[in-house]
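Dropping upload21.cif in here (mmCIF, N, CA and C atoms):
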```cif
data_upload
loop_
_atom_site.group_PDB
_atom_site.id
_atom_site.type_symbol
_atom_site.label_atom_id
_atom_site.label_comp_id
_atom_site.auth_asym_id
_atom_site.auth_seq_id
_atom_site.Cartn_x
_atom_site.Cartn_y
_atom_site.Cartn_z
ATOM 1 N N MET X 4 -17.694 -20.152 -8.085
ATOM 2 C CA MET X 4 -16.420 -19.470 -8.075
ATOM 3 C C MET X 4 -15.333 -20.483 -7.702
ATOM 4 N N ASP X 5 -14.225 -20.388 -8.348
ATOM 5 C CA ASP X 5 -13.080 -21.269 -8.162
ATOM 6 C C ASP X 5 -12.526 -21.168 -6.728
ATOM 7 N N LYS X 6 -12.095 -22.289 -6.165
ATOM 8 C CA LYS X 6 -11.578 -22.362 -4.788
ATOM 9 C C LYS X 6 -10.416 -21.394 -4.561
ATOM 10 N N GLU X 7 -9.496 -21.316 -5.509
ATOM 11 C CA GLU X 7 -8.340 -20.434 -5.346
ATOM 12 C C GLU X 7 -8.761 -18.969 -5.316
ATOM 13 N N VAL X 8 -9.768 -18.631 -6.110
ATOM 14 C CA VAL X 8 -10.263 -17.256 -6.129
ATOM 15 C C VAL X 8 -10.965 -16.936 -4.808
ATOM 16 N N VAL X 9 -11.780 -17.860 -4.321
ATOM 17 C CA VAL X 9 -12.452 -17.664 -3.028
ATOM 18 C C VAL X 9 -11.418 -17.470 -1.935
ATOM 19 N N ASP X 10 -10.387 -18.302 -1.907
ATOM 20 C CA ASP X 10 -9.337 -18.182 -0.894
ATOM 21 C C ASP X 10 -8.657 -16.816 -0.970
ATOM 22 N N LEU X 11 -8.319 -16.385 -2.173
ATOM 23 C CA LEU X 11 -7.684 -15.081 -2.367
ATOM 24 C C LEU X 11 -8.579 -13.963 -1.855
ATOM 25 N N LEU X 12 -9.851 -14.014 -2.187
ATOM 26 C CA LEU X 12 -10.787 -12.975 -1.755
ATOM 27 C C LEU X 12 -10.944 -12.955 -0.238
ATOM 28 N N LEU X 13 -11.013 -14.117 0.380
ATOM 29 C CA LEU X 13 -11.155 -14.178 1.837
ATOM 30 C C LEU X 13 -9.912 -13.644 2.543
ATOM 31 N N LEU X 14 -8.742 -14.043 2.075
ATOM 32 C CA LEU X 14 -7.505 -13.542 2.676
ATOM 33 C C LEU X 14 -7.414 -12.025 2.526
ATOM 34 N N ALA X 15 -7.768 -11.521 1.359
ATOM 35 C CA ALA X 15 -7.721 -10.077 1.122
ATOM 36 C C ALA X 15 -8.737 -9.343 1.994
ATOM 37 N N ALA X 16 -9.908 -9.939 2.197
ATOM 38 C CA ALA X 16 -10.961 -9.278 2.965
ATOM 39 C C ALA X 16 -10.587 -9.095 4.429
ATOM 40 N N VAL X 17 -9.806 -10.007 4.994
ATOM 41 C CA VAL X 17 -9.418 -9.875 6.404
ATOM 42 C C VAL X 17 -8.070 -9.185 6.580
ATOM 43 N N ARG X 18 -7.483 -8.737 5.495
ATOM 44 C CA ARG X 18 -6.179 -8.069 5.574
ATOM 45 C C ARG X 18 -6.257 -6.813 6.446
ATOM 46 N N ARG X 19 -7.290 -6.018 6.282
ATOM 47 C CA ARG X 19 -7.386 -4.752 7.008
ATOM 48 C C ARG X 19 -7.817 -4.919 8.460
ATOM 49 N N ARG X 20 -8.727 -5.869 8.700
ATOM 50 C CA ARG X 20 -9.206 -6.063 10.070
ATOM 51 C C ARG X 20 -9.858 -7.435 10.199
ATOM 52 N N PRO X 21 -9.803 -8.018 11.380
ATOM 53 C CA PRO X 21 -10.465 -9.313 11.612
ATOM 54 C C PRO X 21 -11.979 -9.178 11.431
ATOM 55 N N LEU X 22 -12.594 -10.229 10.884
ATOM 56 C CA LEU X 22 -14.035 -10.225 10.625
ATOM 57 C C LEU X 22 -14.633 -11.581 10.956
ATOM 58 N N HIS X 23 -15.904 -11.591 11.331
ATOM 59 C CA HIS X 23 -16.615 -12.852 11.500
ATOM 60 C C HIS X 23 -17.228 -13.237 10.157
ATOM 61 N N GLY X 24 -17.718 -14.460 10.063
ATOM 62 C CA GLY X 24 -18.181 -15.002 8.790
ATOM 63 C C GLY X 24 -19.177 -14.140 8.049
ATOM 64 N N TYR X 25 -20.263 -13.741 8.720
ATOM 65 C CA TYR X 25 -21.270 -12.943 8.033
ATOM 66 C C TYR X 25 -20.708 -11.595 7.597
ATOM 67 N N ALA X 26 -19.838 -11.001 8.424
ATOM 68 C CA ALA X 26 -19.210 -9.731 8.053
ATOM 69 C C ALA X 26 -18.315 -9.906 6.826
ATOM 70 N N LEU X 27 -17.690 -11.067 6.695
ATOM 71 C CA LEU X 27 -16.886 -11.358 5.502
ATOM 72 C C LEU X 27 -17.767 -11.391 4.259
ATOM 73 N N ILE X 28 -18.910 -12.051 4.358
ATOM 74 C CA ILE X 28 -19.845 -12.102 3.241
ATOM 75 C C ILE X 28 -20.257 -10.685 2.846
ATOM 76 N N GLU X 29 -20.612 -9.887 3.845
ATOM 77 C CA GLU X 29 -21.038 -8.507 3.590
ATOM 78 C C GLU X 29 -19.912 -7.663 2.992
ATOM 79 N N GLU X 30 -18.697 -7.831 3.502
ATOM 80 C CA GLU X 30 -17.553 -7.061 3.004
ATOM 81 C C GLU X 30 -17.272 -7.387 1.534
ATOM 82 N N LEU X 31 -17.286 -8.664 1.195
ATOM 83 C CA LEU X 31 -17.050 -9.040 -0.202
ATOM 84 C C LEU X 31 -18.165 -8.522 -1.093
ATOM 85 N N ARG X 32 -19.391 -8.590 -0.614
ATOM 86 C CA ARG X 32 -20.535 -8.063 -1.361
ATOM 87 C C ARG X 32 -20.369 -6.558 -1.593
ATOM 88 N N ARG X 33 -20.011 -5.845 -0.523
ATOM 89 C CA ARG X 33 -19.856 -4.394 -0.599
ATOM 90 C C ARG X 33 -18.728 -3.993 -1.545
ATOM 91 N N LEU X 34 -17.577 -4.631 -1.387
ATOM 92 C CA LEU X 34 -16.418 -4.275 -2.206
ATOM 93 C C LEU X 34 -16.613 -4.594 -3.688
ATOM 94 N N SER X 35 -17.464 -5.583 -3.979
ATOM 95 C CA SER X 35 -17.675 -5.992 -5.370
ATOM 96 C C SER X 35 -18.984 -5.467 -5.948
ATOM 97 N N ASP X 36 -19.612 -4.529 -5.258
ATOM 98 C CA ASP X 36 -20.915 -4.012 -5.683
ATOM 99 C C ASP X 36 -21.924 -5.133 -5.890
ATOM 100 N N GLY X 37 -21.850 -6.136 -5.016
ATOM 101 C CA GLY X 37 -22.815 -7.225 -5.034
ATOM 102 C C GLY X 37 -22.469 -8.396 -5.926
ATOM 103 N N ASP X 38 -21.378 -8.321 -6.669
ATOM 104 C CA ASP X 38 -21.027 -9.410 -7.589
ATOM 105 C C ASP X 38 -20.487 -10.647 -6.873
ATOM 106 N N PHE X 39 -19.794 -10.466 -5.752
ATOM 107 C CA PHE X 39 -19.280 -11.603 -4.995
ATOM 108 C C PHE X 39 -20.200 -11.838 -3.812
ATOM 109 N N ASP X 40 -21.084 -12.804 -3.962
ATOM 110 C CA ASP X 40 -22.098 -13.088 -2.961
ATOM 111 C C ASP X 40 -21.926 -14.529 -2.488
ATOM 112 N N LEU X 41 -20.975 -14.737 -1.588
ATOM 113 C CA LEU X 41 -20.689 -16.092 -1.096
ATOM 114 C C LEU X 41 -21.819 -16.591 -0.215
ATOM 115 N N ARG X 42 -22.083 -17.852 -0.301
ATOM 116 C CA ARG X 42 -23.069 -18.508 0.552
ATOM 117 C C ARG X 42 -22.337 -19.153 1.714
ATOM 118 N N GLU X 43 -23.040 -19.299 2.832
ATOM 119 C CA GLU X 43 -22.431 -19.903 4.008
ATOM 120 C C GLU X 43 -21.902 -21.299 3.716
ATOM 121 N N GLY X 44 -22.563 -22.016 2.822
ATOM 122 C CA GLY X 44 -22.154 -23.374 2.489
ATOM 123 C C GLY X 44 -20.800 -23.457 1.812
ATOM 124 N N SER X 45 -20.345 -22.367 1.205
ATOM 125 C CA SER X 45 -18.997 -22.357 0.624
ATOM 126 C C SER X 45 -18.038 -21.533 1.473
ATOM 127 N N LEU X 46 -18.564 -20.578 2.233
ATOM 128 C CA LEU X 46 -17.711 -19.715 3.050
ATOM 129 C C LEU X 46 -17.031 -20.478 4.187
ATOM 130 N N TYR X 47 -17.819 -21.149 5.007
ATOM 131 C CA TYR X 47 -17.247 -21.760 6.213
ATOM 132 C C TYR X 47 -16.276 -22.904 5.923
ATOM 133 N N PRO X 48 -16.551 -23.753 4.946
ATOM 134 C CA PRO X 48 -15.522 -24.752 4.616
ATOM 135 C C PRO X 48 -14.206 -24.097 4.170
ATOM 136 N N ALA X 49 -14.303 -22.994 3.419
ATOM 137 C CA ALA X 49 -13.095 -22.296 2.976
ATOM 138 C C ALA X 49 -12.367 -21.679 4.169
ATOM 139 N N LEU X 50 -13.098 -21.049 5.076
ATOM 140 C CA LEU X 50 -12.471 -20.463 6.264
ATOM 141 C C LEU X 50 -11.787 -21.532 7.111
ATOM 142 N N HIS X 51 -12.457 -22.652 7.293
ATOM 143 C CA HIS X 51 -11.862 -23.739 8.094
ATOM 144 C C HIS X 51 -10.622 -24.311 7.416
ATOM 145 N N ARG X 52 -10.649 -24.443 6.084
ATOM 146 C CA ARG X 52 -9.493 -24.937 5.343
ATOM 147 C C ARG X 52 -8.314 -23.970 5.482
ATOM 148 N N LEU X 53 -8.582 -22.670 5.330
ATOM 149 C CA LEU X 53 -7.518 -21.672 5.455
ATOM 150 C C LEU X 53 -6.951 -21.642 6.871
ATOM 151 N N GLU X 54 -7.806 -21.901 7.843
ATOM 152 C CA GLU X 54 -7.330 -21.965 9.222
ATOM 153 C C GLU X 54 -6.456 -23.205 9.437
ATOM 154 N N ARG X 55 -6.878 -24.347 8.904
ATOM 155 C CA ARG X 55 -6.064 -25.577 9.018
ATOM 156 C C ARG X 55 -4.693 -25.395 8.359
ATOM 157 N N GLU X 56 -4.656 -24.620 7.261
ATOM 158 C CA GLU X 56 -3.400 -24.372 6.548
ATOM 159 C C GLU X 56 -2.525 -23.341 7.254
ATOM 160 N N GLY X 57 -3.048 -22.731 8.314
ATOM 161 C CA GLY X 57 -2.277 -21.747 9.064
ATOM 162 C C GLY X 57 -2.311 -20.355 8.473
ATOM 163 N N LEU X 58 -3.190 -20.120 7.510
ATOM 164 C CA LEU X 58 -3.263 -18.811 6.853
ATOM 165 C C LEU X 58 -4.198 -17.852 7.579
ATOM 166 N N LEU X 59 -5.161 -18.410 8.291
ATOM 167 C CA LEU X 59 -6.071 -17.633 9.125
ATOM 168 C C LEU X 59 -6.013 -18.167 10.546
ATOM 169 N N ALA X 60 -6.278 -17.293 11.489
ATOM 170 C CA ALA X 60 -6.455 -17.678 12.883
ATOM 171 C C ALA X 60 -7.850 -17.224 13.286
ATOM 172 N N SER X 61 -8.423 -17.876 14.289
ATOM 173 C CA SER X 61 -9.740 -17.451 14.743
ATOM 174 C C SER X 61 -9.785 -17.408 16.259
ATOM 175 N N ARG X 62 -10.710 -16.633 16.742
ATOM 176 C CA ARG X 62 -10.961 -16.536 18.172
ATOM 177 C C ARG X 62 -12.456 -16.284 18.341
ATOM 178 N N TRP X 63 -12.974 -16.613 19.497
ATOM 179 C CA TRP X 63 -14.387 -16.390 19.787
ATOM 180 C C TRP X 63 -14.554 -15.022 20.425
ATOM 181 N N SER X 64 -15.598 -14.318 20.008
ATOM 182 C CA SER X 64 -15.920 -13.016 20.567
ATOM 183 C C SER X 64 -17.415 -12.966 20.856
ATOM 184 N N ALA X 65 -17.763 -12.405 21.989
ATOM 185 C CA ALA X 65 -19.182 -12.289 22.350
ATOM 186 C C ALA X 65 -19.510 -10.840 22.699
ATOM 187 N N LYS X 66 -18.926 -9.903 21.955
ATOM 188 C CA LYS X 66 -19.124 -8.479 22.237
ATOM 189 C C LYS X 66 -20.597 -8.077 22.222
ATOM 190 N N VAL X 67 -21.264 -8.375 21.149
ATOM 191 C CA VAL X 67 -22.660 -7.969 21.001
ATOM 192 C C VAL X 67 -23.495 -9.222 20.778
ATOM 193 N N GLY X 68 -24.272 -9.598 21.771
ATOM 194 C CA GLY X 68 -25.154 -10.746 21.605
ATOM 195 C C GLY X 68 -24.415 -12.065 21.639
ATOM 196 N N ARG X 69 -24.689 -12.880 20.629
ATOM 197 C CA ARG X 69 -24.148 -14.237 20.604
ATOM 198 C C ARG X 69 -22.662 -14.278 20.261
ATOM 199 N N ALA X 70 -22.032 -15.370 20.608
ATOM 200 C CA ALA X 70 -20.609 -15.555 20.320
ATOM 201 C C ALA X 70 -20.400 -15.712 18.820
ATOM 202 N N ARG X 71 -19.353 -15.096 18.341
ATOM 203 C CA ARG X 71 -18.996 -15.188 16.920
ATOM 204 C C ARG X 71 -17.525 -15.536 16.806
ATOM 205 N N ARG X 72 -17.225 -16.292 15.768
ATOM 206 C CA ARG X 72 -15.835 -16.643 15.500
ATOM 207 C C ARG X 72 -15.256 -15.556 14.594
ATOM 208 N N ILE X 73 -14.193 -14.922 15.051
ATOM 209 C CA ILE X 73 -13.559 -13.823 14.330
ATOM 210 C C ILE X 73 -12.295 -14.361 13.664
ATOM 211 N N TYR X 74 -12.167 -14.104 12.365
ATOM 212 C CA TYR X 74 -11.024 -14.596 11.589
ATOM 213 C C TYR X 74 -10.054 -13.456 11.305
ATOM 214 N N SER X 75 -8.765 -13.768 11.418
ATOM 215 C CA SER X 75 -7.724 -12.785 11.113
ATOM 216 C C SER X 75 -6.599 -13.462 10.340
ATOM 217 N N LEU X 76 -5.854 -12.643 9.643
ATOM 218 C CA LEU X 76 -4.742 -13.114 8.830
ATOM 219 C C LEU X 76 -3.544 -13.409 9.722
ATOM 220 N N THR X 77 -2.901 -14.534 9.532
ATOM 221 C CA THR X 77 -1.668 -14.853 10.252
ATOM 222 C C THR X 77 -0.492 -14.295 9.467
ATOM 223 N N GLU X 78 0.685 -14.381 10.041
ATOM 224 C CA GLU X 78 1.891 -13.947 9.320
ATOM 225 C C GLU X 78 2.083 -14.797 8.060
ATOM 226 N N LEU X 79 1.878 -16.102 8.203
ATOM 227 C CA LEU X 79 1.955 -16.999 7.052
ATOM 228 C C LEU X 79 0.877 -16.633 6.027
ATOM 229 N N GLY X 80 -0.306 -16.281 6.505
ATOM 230 C CA GLY X 80 -1.397 -15.870 5.627
ATOM 231 C C GLY X 80 -1.064 -14.595 4.870
ATOM 232 N N GLN X 81 -0.403 -13.653 5.534
ATOM 233 C CA GLN X 81 0.002 -12.404 4.871
ATOM 234 C C GLN X 81 0.972 -12.696 3.723
ATOM 235 N N ARG X 82 1.934 -13.568 3.977
ATOM 236 C CA ARG X 82 2.890 -13.927 2.913
ATOM 237 C C ARG X 82 2.183 -14.657 1.779
ATOM 238 N N ALA X 83 1.273 -15.570 2.128
ATOM 239 C CA ALA X 83 0.521 -16.303 1.104
ATOM 240 C C ALA X 83 -0.343 -15.349 0.288
ATOM 241 N N LEU X 84 -0.954 -14.378 0.952
ATOM 242 C CA LEU X 84 -1.771 -13.396 0.237
ATOM 243 C C LEU X 84 -0.917 -12.605 -0.747
ATOM 244 N N GLU X 85 0.240 -12.166 -0.318
ATOM 245 C CA GLU X 85 1.138 -11.420 -1.210
ATOM 246 C C GLU X 85 1.531 -12.260 -2.418
ATOM 247 N N ASP X 86 1.871 -13.529 -2.193
ATOM 248 C CA ASP X 86 2.232 -14.426 -3.290
ATOM 249 C C ASP X 86 1.062 -14.640 -4.239
ATOM 250 N N ARG X 87 -0.115 -14.890 -3.681
ATOM 251 C CA ARG X 87 -1.296 -15.158 -4.498
ATOM 252 C C ARG X 87 -1.744 -13.904 -5.256
ATOM 253 N N GLU X 88 -1.587 -12.758 -4.620
ATOM 254 C CA GLU X 88 -1.920 -11.497 -5.303
ATOM 255 C C GLU X 88 -1.007 -11.281 -6.503
ATOM 256 N N ARG X 89 0.274 -11.515 -6.299
ATOM 257 C CA ARG X 89 1.247 -11.353 -7.372
ATOM 258 C C ARG X 89 0.922 -12.310 -8.528
ATOM 259 N N ALA X 90 0.599 -13.552 -8.201
ATOM 260 C CA ALA X 90 0.245 -14.536 -9.230
ATOM 261 C C ALA X 90 -1.031 -14.121 -9.954
ATOM 262 N N TRP X 91 -2.030 -13.640 -9.199
ATOM 263 C CA TRP X 91 -3.291 -13.212 -9.816
ATOM 264 C C TRP X 91 -3.065 -12.045 -10.773
ATOM 265 N N ARG X 92 -2.290 -11.060 -10.337
ATOM 266 C CA ARG X 92 -2.032 -9.891 -11.195
ATOM 267 C C ARG X 92 -1.282 -10.303 -12.463
ATOM 268 N N GLY X 93 -0.353 -11.247 -12.338
ATOM 269 C CA GLY X 93 0.358 -11.748 -13.521
ATOM 270 C C GLY X 93 -0.591 -12.477 -14.461
ATOM 271 N N PHE X 94 -1.466 -13.299 -13.909
ATOM 272 C CA PHE X 94 -2.460 -14.015 -14.706
ATOM 273 C C PHE X 94 -3.385 -13.029 -15.418
ATOM 274 N N ALA X 95 -3.889 -12.037 -14.660
ATOM 275 C CA ALA X 95 -4.806 -11.049 -15.239
ATOM 276 C C ALA X 95 -4.132 -10.255 -16.358
ATOM 277 N N ALA X 96 -2.864 -9.942 -16.189
ATOM 278 C CA ALA X 96 -2.128 -9.204 -17.219
ATOM 279 C C ALA X 96 -1.998 -10.035 -18.497
ATOM 280 N N LYS X 97 -1.761 -11.335 -18.343
ATOM 281 C CA LYS X 97 -1.656 -12.209 -19.521
ATOM 282 C C LYS X 97 -3.000 -12.363 -20.212
ATOM 283 N N VAL X 98 -4.070 -12.455 -19.448
ATOM 284 C CA VAL X 98 -5.403 -12.508 -20.040
ATOM 285 C C VAL X 98 -5.656 -11.228 -20.841
ATOM 286 N N GLU X 99 -5.279 -10.094 -20.276
ATOM 287 C CA GLU X 99 -5.468 -8.811 -20.955
ATOM 288 C C GLU X 99 -4.692 -8.770 -22.275
ATOM 289 N N VAL X 100 -3.476 -9.282 -22.280
ATOM 290 C CA VAL X 100 -2.683 -9.326 -23.504
ATOM 291 C C VAL X 100 -3.397 -10.154 -24.563
ATOM 292 N N VAL X 101 -3.908 -11.303 -24.170
ATOM 293 C CA VAL X 101 -4.629 -12.166 -25.116
ATOM 294 C C VAL X 101 -5.871 -11.452 -25.627
ATOM 295 N N LEU X 102 -6.626 -10.815 -24.737
ATOM 296 C CA LEU X 102 -7.834 -10.113 -25.166
ATOM 297 C C LEU X 102 -7.522 -8.984 -26.131
ATOM 298 N N GLU X 103 -6.468 -8.258 -25.842
ATOM 299 C CA GLU X 103 -6.080 -7.145 -26.736
ATOM 300 C C GLU X 103 -5.600 -7.678 -28.080
ATOM 301 N N GLY X 104 -4.865 -8.795 -28.059
ATOM 302 C CA GLY X 104 -4.355 -9.371 -29.296
ATOM 303 C C GLY X 104 -5.431 -10.016 -30.137
ATOM 304 N N ALA X 105 -6.508 -10.444 -29.504
ATOM 305 C CA ALA X 105 -7.597 -11.114 -30.224
ATOM 306 C C ALA X 105 -8.599 -10.128 -30.779
ATOM 307 N N GLY X 106 -8.451 -8.850 -30.443
ATOM 308 C CA GLY X 106 -9.454 -7.857 -30.827
ATOM 309 C C GLY X 106 -9.258 -7.253 -32.164
#
```
Target encoding structure tokens, full file:
Amino acid sequence: MDKEVVDLLLLAAVRRRPLHGYALIEELRRLSDGDFDLREGSLYPALHRLEREGLLASRWSAKVGRARRIYSLTELGQRALEDRERAWRGFAAKVEVVLEGAG
């Protein structure tokens, strides 16, 4: 999956509530009926990159059992998500036009 798409999906997944890494994987799996099945090897580098860019913030939580890093959307991340969503919807609409015209 393309880096920009992964970033968009991760930002969207934490929009409603902060989540730890494994919960993010499960949420994307659930929302996509299993089609988006990120592996830890691509998830954590993306989360760390988004955090370095200021789009996500993290904190440690040890509510149940071991400590987990919980990721949440920052104000900058919310604006970036809105921009990226708008761009994605515009792209998808243009793809649809091409598909309809080619049919």
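Around Phe39 of chain X, within 12 Å and counting only C-alpha atoms, the residues found are Met4, Asp5, Val8, Val9, Leu12, Leu13, Ala16, Leu27, Ile28, Glu29, Glu30, Leu31, Arg32, Arg33, Leu34, Ser35 and Leu46 of chain X, once anything fewer than 4 positions away on its own chain is removed.
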Fill in: Distance criterion (all atoms listed in the file): nearest to Val17 of chain X out of X:Glu88, X:Arg62, X:Arg71, X:Leu76
X:Leu76
Item to complete: Can you work out the spacing between atom CA of Ala26 of chain X and atom CA of Gly44 of chain X in Å, to one decimal?
Response: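 Those two atoms sit 15.0 Å apart.
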Discussion item. Please extract the residues of chain X with a backbone DSSP assignment of strand (DSSP E or B) and present them as an MDAnalysis selection string.
Written reply: chainID X and resid 22:23 59:64 71:76
Discussion item. So the first atom is atom C of Ala96 of chain X and the second is atom CA of Glu7 of chain X; what is the distance between them in Å, to one decimal place?
Written reply: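 Calculated distance between atom C of Ala96 of chain X and atom CA of Glu7 of chain X is 17.9 Å.
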Fill in: Shell around Ser75 of chain X at 9 Å using only C-alpha atoms, local window under 5 positions removed, as a PyMOL selection string
chain X and resi 14+17-18+20-23+58-62+80
